[in-house]
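Colleague: Here you go, this is entry38.cif (mmCIF, C-alpha atoms).
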data_run
loop_
_atom_site.label_atom_id
_atom_site.label_comp_id
_atom_site.auth_asym_id
_atom_site.auth_seq_id
_atom_site.Cartn_x
_atom_site.Cartn_y
_atom_site.Cartn_z
CA MET A 1 -15.97 10.03 3.32
CA ARG A 2 -13.62 9.47 0.38
CA ARG A 3 -11.07 12.12 1.25
CA PRO A 4 -10.54 11.20 4.92
CA VAL A 5 -10.11 7.51 4.04
CA ALA A 6 -7.48 8.25 1.39
CA ILE A 7 -5.61 10.72 3.60
CA MET A 8 -5.68 8.31 6.56
CA THR A 9 -4.37 5.54 4.30
CA ALA A 10 -1.53 7.80 3.16
CA LEU A 11 -0.58 8.75 6.73
CA VAL A 12 -0.56 5.12 7.86
CA LEU A 13 1.58 4.12 4.86
CA PHE A 14 4.04 6.95 5.59
CA GLY A 15 4.31 5.82 9.21
CA GLU A 16 4.75 2.23 8.14
CA ALA A 17 7.53 3.26 5.74
CA VAL A 18 9.45 4.90 8.58
CA GLY A 19 8.93 1.81 10.76
CA ILE A 20 10.13 -0.57 8.04
CA VAL A 21 13.28 1.47 7.42
CA LEU A 22 14.04 1.61 11.16
CA ILE A 23 13.48 -2.13 11.63
CA ASN A 24 15.77 -2.92 8.71
CA ALA A 25 18.38 -0.51 10.06
CA VAL A 26 18.39 -2.38 13.37
CA LEU A 27 18.58 -5.73 11.58
CA ALA A 28 21.44 -4.53 9.37
CA THR A 29 23.35 -3.25 12.39
CA ILE A 30 22.86 -6.54 14.24
CA ALA A 31 23.99 -8.55 11.21
CA GLU A 32 27.07 -6.34 10.88
CA ASN A 33 27.96 -6.50 14.58
CA GLN A 34 27.56 -10.28 14.84
CA ASN A 35 30.22 -10.81 12.18
CA MET A 36 28.95 -14.34 11.54
CA SER A 37 28.09 -15.88 8.20
CA LEU A 38 24.80 -17.57 7.43
CA ALA A 39 25.28 -20.56 5.09
CA GLY A 40 28.58 -19.09 3.90
CA LEU A 41 27.25 -15.59 3.10
CA ASP A 42 29.51 -12.64 3.78
CA PRO A 43 28.26 -10.64 6.83
CA ASP A 44 28.89 -7.38 4.97
CA ALA A 45 26.72 -8.59 2.07
CA MET A 46 23.93 -9.53 4.47
CA SER A 47 24.12 -6.12 6.12
CA ALA A 48 24.15 -4.27 2.80
CA GLY A 49 21.27 -6.37 1.49
CA THR A 50 19.21 -5.57 4.58
CA TRP A 51 19.87 -1.84 4.14
CA VAL A 52 18.87 -2.00 0.47
CA MET A 53 15.75 -4.04 1.20
CA GLY A 54 14.66 -1.58 3.89
CA GLY A 55 15.24 1.40 1.62
CA VAL A 56 13.42 -0.10 -1.36
CA PHE A 57 10.47 -1.30 0.70
CA GLY A 58 10.27 2.09 2.44
CA LEU A 59 10.30 3.90 -0.92
CA LEU A 60 7.53 1.66 -2.25
CA LEU A 61 5.40 2.38 0.81
CA VAL A 62 6.03 6.11 0.39
CA LEU A 63 5.05 5.85 -3.29
CA CYS A 64 1.78 4.11 -2.38
CA GLY A 65 1.20 6.71 0.33
CA LEU A 66 1.74 9.53 -2.19
CA ILE A 67 -0.74 7.91 -4.58
CA ALA A 68 -3.36 7.72 -1.82
CA LEU A 69 -2.57 11.27 -0.66
CA LEU A 70 -2.94 12.66 -4.19
CA ALA A 71 -6.23 10.81 -4.61
CA GLY A 72 -7.49 12.33 -1.38
CA ALA A 73 -6.20 15.83 -2.11
CA ARG A 74 -7.63 15.91 -5.63
CA ASP A 75 -10.72 13.87 -4.71
CA ARG A 76 -10.22 11.88 -7.91
CA ALA A 77 -9.54 8.22 -8.46
CA PRO A 78 -5.91 7.28 -9.01
CA GLY A 79 -4.93 6.37 -12.56
CA ARG A 80 -4.16 2.91 -13.85
CA PHE A 81 -0.63 2.84 -12.41
CA GLY A 82 -1.90 4.13 -9.07
CA ARG A 83 -4.61 1.49 -8.84
CA ILE A 84 -2.12 -1.25 -9.74
CA ALA A 85 0.35 0.02 -7.12
CA LEU A 86 -2.31 0.21 -4.39
CA THR A 87 -3.63 -3.23 -5.32
CA GLY A 88 -0.13 -4.69 -5.15
CA CYS A 89 0.41 -3.02 -1.79
CA ALA A 90 -2.87 -4.50 -0.53
CA VAL A 91 -1.89 -8.00 -1.69
CA VAL A 92 1.50 -7.71 0.03
CA HIS A 93 -0.16 -6.59 3.26
CA GLY A 94 -2.56 -9.53 3.11
CA VAL A 95 0.25 -12.04 2.63
CA LEU A 96 2.47 -10.43 5.28
CA GLY A 97 -0.49 -10.35 7.67
CA ALA A 98 -0.84 -14.11 7.33
CA VAL A 99 2.89 -14.56 7.95
CA THR A 100 3.13 -12.17 10.90
CA VAL A 101 0.42 -13.94 12.89
CA GLY A 102 2.75 -16.88 13.41
CA LEU A 103 6.05 -15.01 13.63
CA VAL A 104 5.20 -11.83 15.52
CA GLY A 105 1.72 -12.21 17.01
CA TRP A 106 -1.86 -11.08 16.81
CA GLY A 107 -1.07 -7.39 17.32
CA ALA A 108 1.05 -7.25 14.18
CA PHE A 109 -1.64 -9.21 12.34
CA ALA A 110 -4.28 -6.70 13.44
CA PHE A 111 -2.13 -3.79 12.23
CA MET A 112 -1.52 -5.44 8.85
CA MET A 113 -5.24 -6.12 8.45
CA LEU A 114 -6.01 -2.49 9.37
CA VAL A 115 -3.67 -1.28 6.63
CA LEU A 116 -5.16 -3.82 4.22
CA ALA A 117 -8.67 -2.61 5.06
CA LEU A 118 -7.66 1.02 4.50
CA LEU A 119 -6.09 0.18 1.14
CA VAL A 120 -9.10 -1.81 -0.03
CA LEU A 121 -11.49 0.88 1.19
CA THR A 122 -9.49 3.54 -0.67
CA LEU A 123 -9.65 1.46 -3.84
CA LEU A 124 -13.39 0.90 -3.43
CA VAL A 125 -14.44 4.48 -2.67
CA TYR A 126 -12.44 5.68 -5.66
CA GLY A 127 -13.84 3.00 -7.94
CA PRO A 128 -13.75 3.33 -11.70
CA GLU A 129 -16.00 6.04 -13.12
CA PRO A 130 -18.61 4.91 -15.67
CA ARG A 131 -17.49 5.76 -19.20
CA ALA A 132 -19.64 7.19 -21.98
CA GLU A 133 -19.14 4.15 -24.23
CA ASP A 134 -20.61 1.91 -21.53
CA GLY A 135 -24.04 3.29 -22.32
CA VAL A 136 -24.41 5.04 -18.97
CA SER A 137 -25.39 8.68 -19.15
CA ASP A 138 -27.12 11.36 -17.13
CA GLU A 139 -29.82 11.88 -19.74
CA ALA A 140 -33.31 10.48 -19.22
CA ALA A 141 -34.26 7.47 -21.29
CA PRO A 142 -36.56 8.20 -24.25
CA ALA A 143 -40.25 7.54 -23.73
CA PRO A 144 -41.47 4.25 -25.19
CA ARG A 145 -43.43 4.43 -28.46
CA THR A 146 -47.06 3.45 -28.43
CA ALA A 147 -48.66 2.03 -31.51
#
In structure tokens, what does this structure look like?
Modeller:
Amino acid sequence: MRRPVAIMTALVLFGEAVGIVLINAVLATIAENQNMSLAGLDPDAMSAGTWVMGGVFGLLLVLCGLIALLAGARDRAPGRFGRIALTGCAVVHGVLGAVTVGLVGWGAFAFMMLVLALLVLTLLVYGPEPRAEDGVSDEAAPAPRTA
């Protein structure tokens, strides 16, 4: 069950990255075509900032998707950086899910919670492996001494 969960998480994150870039492209085009300033900001700066934000957020989602895809392909837990990146991505999806319920609606909330659930499930199924210094081993315990 570990591999399909990680691969499904990666595919959803890749799809979400494309969606985020497209949404920001539309927003940047609208901001550029309106040619109006918001609180004195230059319209070109708002458009450029929207393009940059969409690109950076899309790249971060692709990075998290690659981490999940590599975990699924190798059937090994992601390293420390990978776990931190996936945890950060899960936190962002939780916060954005709470925001989208009021701004966009329950459908967007459900999608964000689905992605959050996939990220958390990926992190849980690839939990940390027990280490040798923790005292956990495959050997049988020694028999107790009788006096």
Colleague: Any idea what's packed within 6 Å of region 2-13 of chain A, counting only C-alpha atoms, ignoring anything in its chain fewer than 3 positions away? Could you give it as a ChimeraX atom specification?
Modeller: /A:16,61,65,68-69,72,118,122,125
Colleague: Would you pick out the contacts of Ala31 (chain A) at 10 Å or less, using all atoms listed in the file, so that residues sharing its chain but fewer than 2 positions from it are not included, and give the list as a PyMOL selection string?
Modeller: chain A and resi 25-29+33-38+43-48+50
Colleague: Keeping only C-alpha atoms, take the residues you just selected and write them out as a CSV table (one decimal), keeping the file's coordinate frame.
Modeller:
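Below is the file that was written, part.csv:
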chain,number,residue,atom,x,y,z
A,25,ALA,CA,18.4,-0.5,10.1
A,26,VAL,CA,18.4,-2.4,13.4
A,27,LEU,CA,18.6,-5.7,11.6
A,28,ALA,CA,21.4,-4.5,9.4
A,29,THR,CA,23.4,-3.2,12.4
A,33,ASN,CA,28.0,-6.5,14.6
A,34,GLN,CA,27.6,-10.3,14.8
A,35,ASN,CA,30.2,-10.8,12.2
A,36,MET,CA,29.0,-14.3,11.5
A,37,SER,CA,28.1,-15.9,8.2
A,38,LEU,CA,24.8,-17.6,7.4
A,43,PRO,CA,28.3,-10.6,6.8
A,44,ASP,CA,28.9,-7.4,5.0
A,45,ALA,CA,26.7,-8.6,2.1
A,46,MET,CA,23.9,-9.5,4.5
A,47,SER,CA,24.1,-6.1,6.1
A,48,ALA,CA,24.2,-4.3,2.8
A,50,THR,CA,19.2,-5.6,4.6
Colleague: Pick out the closest residue to Gly97 (chain A) from this set: A:Leu123, A:Ala71, A:Ala117, A:Val56. Count all atoms listed in the file.
Modeller: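 The shortest atom-to-atom distance to Gly97 (chain A) comes from A:Ala117.
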Colleague: Rank A:Gly55, A:Val99, A:Gly127, A:Phe14 by their smallest atom-to-atom distance to Arg76 (chain A), using all atoms listed in the file, and report the top residue only.
Modeller: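 Closest candidate: A:Gly127.
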Colleague: Would you translate the PyMOL selection byres ((chain A and resi 60) around 12) into the concrete set of residues it matches in this file, as a ChimeraX atom specification?
Modeller: /A:13-14,16-18,20-21,53-59,61-67,82,85-86,88-89,92
